[in-house]
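Text of protein07.cif, listed as mmCIF, C-alpha atoms:
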```cif
data_coords
#
loop_
_atom_site.label_atom_id
_atom_site.label_comp_id
_atom_site.auth_asym_id
_atom_site.auth_seq_id
_atom_site.Cartn_x
_atom_site.Cartn_y
_atom_site.Cartn_z
CA MET A 1 261.25 239.76 294.67
CA PRO A 2 262.16 242.06 291.80
CA HIS A 3 264.41 239.55 290.07
CA CYS A 4 263.23 241.02 286.75
CA LEU A 5 264.72 244.43 287.60
CA LYS A 6 268.06 242.75 288.30
CA LEU A 7 267.88 241.03 284.92
CA ASN A 8 266.93 244.30 283.25
CA LEU A 9 269.78 246.30 284.80
CA SER A 10 272.38 243.54 284.63
CA ALA A 11 271.77 243.29 280.90
CA ARG A 12 273.40 246.74 280.77
CA ASP A 13 276.06 246.49 283.49
CA ARG A 14 277.22 244.13 286.21
CA LEU A 15 275.45 244.50 289.57
CA THR A 16 277.26 243.99 292.87
CA ASP A 17 275.83 241.76 295.60
CA ALA A 18 275.11 244.87 297.68
CA GLU A 19 273.18 246.43 294.79
CA CYS A 20 271.20 243.20 294.33
CA ALA A 21 270.30 243.29 298.02
CA ILE A 22 269.01 246.86 297.67
CA ILE A 23 266.92 245.84 294.67
CA ASP A 24 265.49 242.95 296.70
CA GLN A 25 264.28 245.47 299.29
CA MET A 26 262.37 247.29 296.56
CA GLY A 27 259.95 244.37 296.41
CA ALA A 28 258.83 244.72 300.01
CA ARG A 29 255.44 246.24 299.14
CA GLN A 30 253.52 244.74 296.26
CA LYS A 31 250.02 244.81 294.85
CA LEU A 32 248.11 243.12 292.07
CA VAL A 33 246.52 245.48 289.55
CA PRO A 34 243.84 243.72 287.49
CA ALA A 35 243.87 244.07 283.71
CA LYS A 36 242.29 247.30 282.37
CA HIS A 37 242.73 249.08 285.73
CA ASP A 38 244.93 252.12 286.19
CA ILE A 39 248.23 251.70 287.98
CA VAL A 40 248.75 255.47 288.07
CA ARG A 41 246.37 258.17 286.86
CA GLU A 42 247.08 261.39 285.02
CA GLY A 43 247.20 264.19 287.60
CA ASP A 44 248.34 261.90 290.42
CA ILE A 45 251.23 263.09 292.55
CA PRO A 46 252.83 259.77 293.46
CA THR A 47 254.92 259.25 296.55
CA GLU A 48 256.17 255.94 295.26
CA SER A 49 257.23 254.53 291.90
CA CYS A 50 255.81 251.32 290.44
CA LEU A 51 258.02 248.53 289.22
CA VAL A 52 256.29 245.93 287.05
CA LEU A 53 257.09 242.47 288.39
CA SER A 54 254.82 240.60 286.00
CA GLY A 55 252.37 241.47 283.24
CA PHE A 56 252.13 244.22 280.64
CA SER A 57 251.22 247.85 281.20
CA ALA A 58 251.01 250.95 279.04
CA ARG A 59 251.41 254.68 279.35
CA TYR A 60 248.48 256.48 277.81
CA HIS A 61 247.05 259.89 277.12
CA LEU A 62 243.34 260.63 276.83
CA LEU A 63 242.34 263.34 274.37
CA ALA A 64 239.41 265.70 274.75
CA ASN A 65 237.48 263.73 272.12
CA GLY A 66 237.79 260.57 274.24
CA LYS A 67 240.39 258.91 272.03
CA ARG A 68 243.36 257.24 273.67
CA GLN A 69 246.97 257.17 272.54
CA ILE A 70 249.30 254.62 274.09
CA SER A 71 252.80 256.07 274.18
CA ALA A 72 254.72 253.18 275.72
CA ILE A 73 254.35 249.53 276.62
CA HIS A 74 256.04 248.27 279.78
CA VAL A 75 257.07 244.73 280.58
CA SER A 76 258.40 242.98 283.68
CA GLY A 77 261.42 244.73 285.10
CA ASP A 78 260.34 248.19 283.97
CA PHE A 79 259.67 251.09 286.30
CA VAL A 80 256.56 252.70 284.83
CA ASP A 81 256.86 256.03 286.63
CA LEU A 82 260.40 256.39 287.90
CA HIS A 83 260.36 259.94 286.59
CA SER A 84 257.61 260.82 289.07
CA LEU A 85 260.37 261.00 291.67
CA LEU A 86 261.38 264.35 290.18
CA LEU A 87 258.48 265.43 287.98
CA ASN A 88 255.78 265.20 290.66
CA GLU A 89 252.44 265.39 288.85
CA MET A 90 251.80 262.64 286.33
CA ASP A 91 251.14 264.07 282.86
CA HIS A 92 249.80 260.70 281.66
CA GLY A 93 248.22 257.57 283.07
CA VAL A 94 249.54 254.03 283.26
CA VAL A 95 247.11 251.17 282.74
CA ALA A 96 247.55 247.45 283.30
CA LEU A 97 247.05 245.72 279.93
CA SER A 98 247.06 242.34 281.67
CA ASP A 99 246.96 241.51 285.36
CA CYS A 100 250.08 243.16 286.74
CA GLN A 101 251.98 242.44 289.91
CA VAL A 102 253.76 245.67 290.83
CA ALA A 103 256.20 246.64 293.54
CA LEU A 104 255.62 250.03 295.14
CA VAL A 105 258.98 251.65 295.79
CA PRO A 106 258.80 254.70 298.08
CA HIS A 107 260.31 257.87 296.66
CA ARG A 108 262.06 258.29 300.01
CA MET A 109 263.95 255.04 299.34
CA LEU A 110 264.81 256.09 295.78
CA ARG A 111 265.99 259.51 296.99
CA GLU A 112 268.27 257.89 299.58
CA LEU A 113 269.57 255.56 296.93
CA THR A 114 270.60 258.49 294.73
CA GLU A 115 272.64 259.83 297.64
CA THR A 116 274.32 256.60 298.68
CA GLU A 117 274.50 254.38 295.60
CA PRO A 118 275.91 256.29 292.65
CA HIS A 119 276.33 253.28 290.36
CA LEU A 120 272.83 251.91 290.94
CA SER A 121 271.48 255.45 290.53
CA ARG A 122 273.20 255.70 287.16
CA LEU A 123 271.62 252.41 286.09
CA LEU A 124 268.15 253.64 287.07
CA TRP A 125 268.92 256.88 285.23
CA LEU A 126 269.94 254.74 282.26
CA SER A 127 266.56 253.00 282.35
CA THR A 128 264.81 256.37 281.98
CA LEU A 129 267.17 257.22 279.12
CA ILE A 130 266.25 253.96 277.40
CA ASP A 131 262.57 254.85 277.95
CA ALA A 132 263.26 258.10 276.13
CA ALA A 133 265.10 256.28 273.35
CA VAL A 134 262.10 253.99 272.91
CA HIS A 135 259.81 257.03 272.74
CA ARG A 136 262.02 258.56 270.03
CA ARG A 137 261.99 255.34 268.06
CA TRP A 138 258.20 255.08 268.28
CA LEU A 139 257.95 258.64 266.98
CA VAL A 140 260.14 257.76 264.01
CA THR A 141 258.31 254.54 263.19
CA SER A 142 254.84 256.10 263.49
CA GLY A 143 255.88 258.99 261.29
CA ARG A 144 257.82 257.17 258.61
CA LEU A 145 256.93 253.48 258.43
CA SER A 146 253.92 251.65 257.02
CA ALA A 147 251.49 250.05 259.45
CA SER A 148 252.90 246.57 258.96
CA ALA A 149 256.48 247.83 259.31
CA GLN A 150 255.50 249.65 262.52
CA LEU A 151 254.01 246.48 263.91
CA ALA A 152 257.05 244.44 262.84
CA HIS A 153 259.27 246.95 264.64
CA LEU A 154 257.16 246.81 267.79
CA LEU A 155 257.24 243.01 267.85
CA CYS A 156 261.03 242.97 267.46
CA GLU A 157 261.35 245.48 270.30
CA ILE A 158 258.99 243.65 272.66
CA PHE A 159 260.70 240.33 271.90
CA LEU A 160 264.15 241.65 272.84
CA ARG A 161 262.88 243.42 275.96
CA LEU A 162 261.18 240.21 277.10
CA GLN A 163 264.27 238.19 276.25
CA VAL A 164 266.29 240.38 278.64
CA VAL A 165 263.96 239.41 281.50
CA GLU A 166 263.87 235.76 280.41
CA LEU A 167 260.24 235.79 279.30
CA VAL A 168 260.65 234.34 275.84
CA ASP A 169 260.55 230.67 274.97
CA GLY A 170 262.77 230.23 271.95
CA ASN A 171 261.24 232.54 269.37
CA ARG A 172 257.86 232.60 271.13
CA PHE A 173 256.43 235.00 273.71
CA SER A 174 253.17 235.84 275.40
CA PHE A 175 251.76 239.21 274.33
CA PRO A 176 248.34 239.61 275.99
CA ILE A 177 247.37 242.84 274.29
CA SER A 178 244.15 243.34 272.36
CA GLN A 179 243.91 244.67 268.82
CA VAL A 180 242.20 247.77 270.21
CA GLU A 181 245.19 248.41 272.50
CA LEU A 182 247.63 247.75 269.67
CA SER A 183 245.75 250.18 267.45
CA ASP A 184 245.88 252.77 270.24
CA ALA A 185 249.65 252.24 270.42
CA LEU A 186 250.24 252.51 266.68
CA GLY A 187 247.65 255.22 266.01
CA LEU A 188 245.64 253.05 263.62
CA SER A 189 242.02 252.00 263.36
CA THR A 190 241.26 248.62 264.90
CA VAL A 191 240.12 247.32 261.52
CA HIS A 192 243.41 248.30 259.89
CA MET A 193 245.32 246.76 262.79
CA ASN A 194 243.47 243.51 262.15
CA ARG A 195 244.49 243.69 258.45
CA THR A 196 248.06 244.52 259.45
CA ILE A 197 248.39 241.48 261.71
CA ARG A 198 246.99 239.37 258.90
CA ASP A 199 249.57 240.85 256.54
CA LEU A 200 252.47 239.78 258.82
CA ARG A 201 250.93 236.33 259.14
CA GLU A 202 250.41 235.94 255.39
CA HIS A 203 254.03 236.88 254.77
CA GLU A 204 254.98 234.18 257.30
CA LEU A 205 256.87 236.63 259.48
CA VAL A 206 254.92 235.79 262.63
CA SER A 207 252.39 233.35 263.92
CA TRP A 208 249.83 234.89 266.29
CA LYS A 209 247.48 232.56 268.18
CA GLY A 210 245.49 234.17 270.98
CA SER A 211 248.07 236.02 273.01
CA GLU A 212 250.99 233.87 271.86
CA VAL A 213 253.29 235.34 269.23
CA THR A 214 255.95 233.33 267.46
CA ILE A 215 258.53 235.05 265.33
CA LEU A 216 258.93 232.79 262.32
CA ASN A 217 261.75 234.66 260.62
CA TRP A 218 263.64 237.19 262.75
CA ASP A 219 265.84 238.53 259.96
CA ARG A 220 262.94 239.21 257.61
CA LEU A 221 260.78 240.69 260.40
CA ALA A 222 263.61 242.99 261.50
CA GLU A 223 264.29 244.01 257.90
CA HIS A 224 260.59 244.67 257.29
CA GLY A 225 260.39 246.82 260.44
CA ASP A 226 263.70 248.60 259.76
CA PHE A 227 264.66 247.42 263.24
CA ASP A 228 268.06 248.15 264.76
CA ALA A 229 268.30 247.19 268.43
CA ALA A 230 271.03 249.73 269.27
CA TYR A 231 268.56 252.10 270.96
CA LEU A 232 267.73 249.44 273.57
CA ASN A 233 271.33 249.55 274.83
CA ILE A 234 271.44 245.85 275.58
CA GLY A 235 274.92 244.70 276.51
CA GLN A 236 276.99 244.80 279.67
CA GLN A 237 279.44 247.67 279.90
CA ALA A 238 280.70 249.92 282.65
CA ARG A 239 278.17 252.71 283.10
CA MET B 1 229.11 245.39 273.00
CA PRO B 2 227.81 244.98 269.41
CA VAL B 3 230.08 243.13 266.99
CA TYR B 4 230.45 243.97 263.32
CA GLN B 5 231.89 242.63 260.10
CA PHE B 6 233.74 245.06 257.81
CA LYS B 7 233.69 244.04 254.16
CA PHE B 8 235.86 245.92 251.68
CA THR B 9 235.03 245.65 247.98
CA LYS B 10 238.21 246.25 246.01
CA GLN B 11 238.84 246.68 242.29
CA HIS B 12 239.20 242.91 242.18
CA GLY B 13 237.58 240.84 244.92
CA THR B 14 236.66 241.53 248.50
CA GLU B 15 238.38 241.52 251.88
CA THR B 16 236.59 240.85 255.16
CA VAL B 17 237.49 241.75 258.73
CA ASP B 18 235.32 240.00 261.31
CA GLY B 19 234.82 240.41 265.04
CA ILE B 20 235.11 244.16 265.42
CA PHE B 21 233.47 245.21 268.69
CA LEU B 22 232.29 248.82 268.77
CA ALA B 23 230.40 250.56 271.54
CA ASN B 24 227.78 252.46 269.55
CA GLU B 25 226.85 253.94 266.17
CA THR B 26 229.02 257.01 266.59
CA VAL B 27 232.08 254.85 267.27
CA LEU B 28 231.12 252.67 264.30
CA GLN B 29 231.03 255.72 262.00
CA GLN B 30 234.41 256.90 263.30
CA GLU B 31 235.98 253.46 262.92
CA ALA B 32 234.64 253.12 259.37
CA ILE B 33 236.06 256.46 258.28
CA ARG B 34 239.35 255.89 260.10
CA SER B 35 239.83 252.43 258.60
CA ALA B 36 239.05 253.71 255.10
CA LEU B 37 241.56 256.54 255.51
CA ASP B 38 244.22 254.14 256.90
CA ILE B 39 243.75 251.83 253.92
CA MET B 40 243.84 254.69 251.39
CA HIS B 41 247.01 256.09 253.01
CA GLU B 42 248.62 252.66 252.92
CA GLY B 43 247.72 252.47 249.22
CA ILE B 44 249.23 255.87 248.52
CA ASP B 45 252.49 254.76 250.20
CA GLU B 46 252.51 251.72 247.91
CA GLY B 47 251.58 253.74 244.81
CA LEU B 48 248.08 252.29 244.65
CA ASP B 49 244.83 254.17 244.10
CA ARG B 50 242.18 252.67 246.36
CA SER B 51 239.63 255.44 245.96
CA GLN B 52 237.26 253.05 244.18
CA TRP B 53 237.05 250.70 247.18
CA VAL B 54 233.75 250.51 249.02
CA LEU B 55 233.17 249.54 252.64
CA HIS B 56 230.07 247.71 253.80
CA VAL B 57 229.58 247.05 257.52
CA PHE B 58 227.22 244.33 258.73
CA ASP B 59 225.90 243.71 262.22
CA ALA B 60 225.78 240.33 263.98
CA GLN B 61 222.49 239.51 262.24
CA GLY B 62 224.02 240.15 258.83
CA ARG B 63 222.14 243.42 258.28
CA LEU B 64 223.91 246.14 256.35
CA VAL B 65 224.41 249.03 258.80
CA LEU B 66 226.88 251.22 256.94
CA HIS B 67 227.90 251.84 253.34
CA LEU B 68 230.95 253.97 252.66
CA PRO B 69 232.49 254.48 249.21
CA PHE B 70 236.09 255.57 249.83
CA ALA B 71 235.70 258.21 247.11
CA LYS B 72 233.19 259.98 249.36
CA LEU B 73 236.01 260.79 251.75
CA LEU B 74 237.87 262.61 248.98
CA GLN B 75 234.99 264.95 248.17
CA PRO B 76 234.96 268.42 249.71
CA ASP B 77 232.25 268.95 252.37
#
```

Step by step, read the file and then write its structure as structure tokens.
Amino acid sequence: MPHCLKLNLSARDRLTDAECAIIDQMGARQKLVPAKHDIVREGDIPTESCLVLSGFSARYHLLANGKRQISAIHVSGDFVDLHSLLLNEMDHGVVALSDCQVALVPHRMLRELTETEPHLSRLLWLSTLIDAAVHRRWLVTSGRLSASAQLAHLLCEIFLRLQVVELVDGNRFSFPISQVELSDALGLSTVHMNRTIRDLREHELVSWKGSEVTILNWDRLAEHGDFDAAYLNIGQQAR
Amino acid sequence: MPVYQFKFTKQHGTETVDGIFLANETVLQQEAIRSALDIMHEGIDEGLDRSQWVLHVFDAQGRLVLHLPFAKLLQPD
């Protein structure tokens, strides 16, 4: 059941029991997408939107020269292609970075929801607005911050997004993403990404063992990454 | 996939990055140039001139497969 979507939305506003019941129905059809496989491909015209129930996925664009740019990372509780309800053809792909359990929510159901559930519709709209805010922030960090500051910012963001869906353990979280994928997300060479991770470790901002990341000093990491969580709009208020 | 070691010779000392998997020689060339440019750009942001750094790449058998003085990237074609 898409408990993670309830956590995600209720971190922004209170959900009614009836709204929770509707969200439960969204989990009726599920599938497991293995790591490195596409969830949605560029050019697809989806008839359903995918909600990540577990695992990490990424939006990506392939360039003519074969290079890949990751433009977003999605965690549990995120719809990866909610916008396909209105935009039709996918202008990018979505790949599972780890094994992903996804719920397939028919567009028909989402369309009905927009007609009968104005508050829940606004919350789903809000989630696309937060997606856009994250995109804007990534643009700013990639254009104006050093590699290690960009990575610090990304780790702060991922930590808070995982905290919302109760997937952090104290100051520790699982982040099963390779250095190649991280370098595709931050627009850096893999070698420089390796150096950048080492830099954060050597400054004792994070510990990174396998896929487990521990934030050793939140204040210093956030300061280093010029991180301000306001764009994530975490906090219950009437929407 | 072949694995490589990237060794950067700096003004003072060296820095090594191990375990870089790259599909083929073309990708290796691209990664070498891209990493050198990333490191030079980082230096410029910090007010450091790294144009005298040199990159050596070794394969899994320890053979030198690529030699790239950063200064070469600053020369016109």

Near Trp125 in chain A, counting all atoms listed in the file, which residues have an atom at most 12 Å away, once you skip same-chain residues fewer than 2 positions from it, shown as number ranges by chain? A: 9, 12, 79, 82-83, 85-86, 110, 113-114, 118-123, 127-132, 239

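The interatomic distance for the pair CA of Gln179 in chain A and CA of Val27 in chain B works out to 15.7 Å.
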
Work out how far apart CA of Gly66 in chain A and CA of Glu42 in chain A are and give it in Å to one decimal. 14.3 Å

With distances taken over all atoms listed in the file, which residue among B:Ala60, B:Leu22, B:Val17, B:Leu28 lies nearest Arg198 in chain A?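 Of B:Ala60, B:Leu22, B:Val17, B:Leu28, the one nearest Arg198 in chain A, counting all atoms listed in the file, is B:Val17.
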
Taking only residues of chain A that have an atom at most 6 Å from an atom of chain B, what is each one's shortest atom pair and its distance in Å to one decimal, using all atoms listed in the file, in chain and number order, as JSON lines?
```
{"residue": "A:Ser189", "atom": "CA", "partner": "B:Ser35", "partner_atom": "CA", "distance": 5.3}
{"residue": "A:Val191", "atom": "CA", "partner": "B:Ser35", "partner_atom": "CA", "distance": 5.9}
{"residue": "A:His192", "atom": "CA", "partner": "B:Ser35", "partner_atom": "CA", "distance": 5.6}
```

Apply the PyMOL selection byres ((chain A and resi 138-153) around 9) to the file shown and report the selected residues as JSON, numbers by chain. {"A": [71, 72, 133, 134, 135, 136, 137, 154, 155, 156, 157, 158, 182, 186, 187, 188, 192, 193, 195, 196, 197, 199, 200, 205, 206, 221, 222, 223, 224, 225, 226, 227, 228], "B": [38, 42, 45]}

What is the CA of Ile39 in chain A to CA of Leu62 in chain A distance in Å? 15.1 Å

Just say which residues the PyMOL selection byres ((chain B and resi 74) around 12) picks in this file, as a list in words.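 After applying the PyMOL selection byres ((chain B and resi 74) around 12), what remains is Ile33, Ala36, Leu37, Met40, His41, Asp49, Arg50, Ser51, Gln52, Leu68, Pro69, Phe70, Ala71, Lys72, Leu73, Gln75, Pro76 and Asp77 of chain B.
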
Which neighbours of His67 in chain B fall inside 8 Å, counting all atoms listed in the file, when residues of the same chain fewer than 5 positions from it are skipped, and could you give them as a ChimeraX atom specification? /B:54-57

Selection file, C-alpha atoms, as a PDB file, in the frame of the given file:
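Generated output (result17.pdb):
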```pdb
ATOM      1  CA  VAL B  54     233.750 250.510 249.020  1.00  0.00           C
ATOM      2  CA  LEU B  55     233.170 249.540 252.640  1.00  0.00           C
ATOM      3  CA  HIS B  56     230.070 247.710 253.800  1.00  0.00           C
ATOM      4  CA  VAL B  57     229.580 247.050 257.520  1.00  0.00           C
TER       5      VAL B  57
END
```

Exactly which residues make up the result of the PyMOL selection byres ((chain A and resi 100) around 8) on this file, given as number ranges by chain? A: 32-35, 52-57, 96-99, 101-102

From the set A:Asp81, A:Glu48, A:Asp13, A:Glu19, which residue has the shortest atom-to-atom contact distance to Arg108 in chain A, counting all atoms listed in the file? A:Glu48

Near His3 in chain A, counting all atoms listed in the file, which residues have an atom at most 8 Å away, once you skip same-chain residues fewer than 2 positions from it, shown as a PDB file with C-alpha atoms, keeping the file's coordinate frame?
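Wrote around08.pdb, looks like this:
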```
ATOM      1  CA  MET A   1     261.250 239.760 294.670  1.00  0.00           C
ATOM      2  CA  LEU A   5     264.720 244.430 287.600  1.00  0.00           C
ATOM      3  CA  LYS A   6     268.060 242.750 288.300  1.00  0.00           C
ATOM      4  CA  LEU A   7     267.880 241.030 284.920  1.00  0.00           C
ATOM      5  CA  ASP A  24     265.490 242.950 296.700  1.00  0.00           C
ATOM      6  CA  GLY A  77     261.420 244.730 285.100  1.00  0.00           C
TER       7      GLY A  77
END
```

Is it possible to produce a file of range 53-72 of chain B from this structure, with N, CA and C atoms, as a CSV table (one decimal), in the first residue's frame?
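Result file decode.csv:
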```csv
chain,number,residue,atom,x,y,z
B,53,TRP,N,49.7,20.2,-13.3
B,53,TRP,CA,49.4,18.8,-12.9
B,53,TRP,C,49.5,17.9,-14.2
B,54,VAL,N,49.8,16.7,-13.9
B,54,VAL,CA,49.9,15.7,-15.0
B,54,VAL,C,49.1,14.4,-14.5
B,55,LEU,N,48.3,13.9,-15.5
B,55,LEU,CA,47.5,12.7,-15.2
B,55,LEU,C,48.2,11.5,-15.9
B,56,HIS,N,48.4,10.4,-15.1
B,56,HIS,CA,48.8,9.1,-15.6
B,56,HIS,C,47.6,8.1,-15.3
B,57,VAL,N,47.3,7.4,-16.3
B,57,VAL,CA,46.2,6.3,-16.1
B,57,VAL,C,46.9,5.0,-16.3
B,58,PHE,N,46.6,4.1,-15.4
B,58,PHE,CA,47.2,2.7,-15.4
B,58,PHE,C,46.0,1.7,-15.5
B,59,ASP,N,46.3,0.6,-16.3
B,59,ASP,CA,45.3,-0.4,-16.3
B,59,ASP,C,45.5,-1.4,-15.1
B,60,ALA,N,44.7,-2.5,-15.1
B,60,ALA,CA,44.6,-3.4,-14.0
B,60,ALA,C,46.0,-4.1,-13.8
B,61,GLN,N,46.8,-4.2,-14.9
B,61,GLN,CA,48.1,-4.8,-14.8
B,61,GLN,C,49.2,-3.8,-14.4
B,62,GLY,N,48.8,-2.6,-14.2
B,62,GLY,CA,49.8,-1.6,-13.8
B,62,GLY,C,50.5,-0.9,-15.0
B,63,ARG,N,50.0,-1.2,-16.2
B,63,ARG,CA,50.6,-0.6,-17.4
B,63,ARG,C,50.1,0.8,-17.6
B,64,LEU,N,51.0,1.7,-17.9
B,64,LEU,CA,50.6,3.1,-18.2
B,64,LEU,C,49.9,3.1,-19.6
B,65,VAL,N,48.6,3.6,-19.5
B,65,VAL,CA,47.8,3.6,-20.8
B,65,VAL,C,47.5,5.0,-21.3
B,66,LEU,N,47.7,6.0,-20.4
B,66,LEU,CA,47.4,7.3,-20.8
B,66,LEU,C,48.2,8.3,-20.0
B,67,HIS,N,48.7,9.3,-20.7
B,67,HIS,CA,49.6,10.4,-20.1
B,67,HIS,C,49.0,11.7,-20.6
B,68,LEU,N,48.6,12.5,-19.6
B,68,LEU,CA,47.9,13.8,-20.0
B,68,LEU,C,48.4,14.9,-19.1
B,69,PRO,N,49.3,15.7,-19.6
B,69,PRO,CA,49.6,17.0,-18.9
B,69,PRO,C,48.5,18.0,-19.0
B,70,PHE,N,48.0,18.5,-17.9
B,70,PHE,CA,46.9,19.4,-17.9
B,70,PHE,C,47.1,20.6,-18.9
B,71,ALA,N,48.4,21.0,-18.9
B,71,ALA,CA,48.7,22.2,-19.8
B,71,ALA,C,48.3,21.9,-21.2
B,72,LYS,N,48.4,20.7,-21.6
B,72,LYS,CA,48.0,20.3,-23.0
B,72,LYS,C,46.6,20.8,-23.4
```
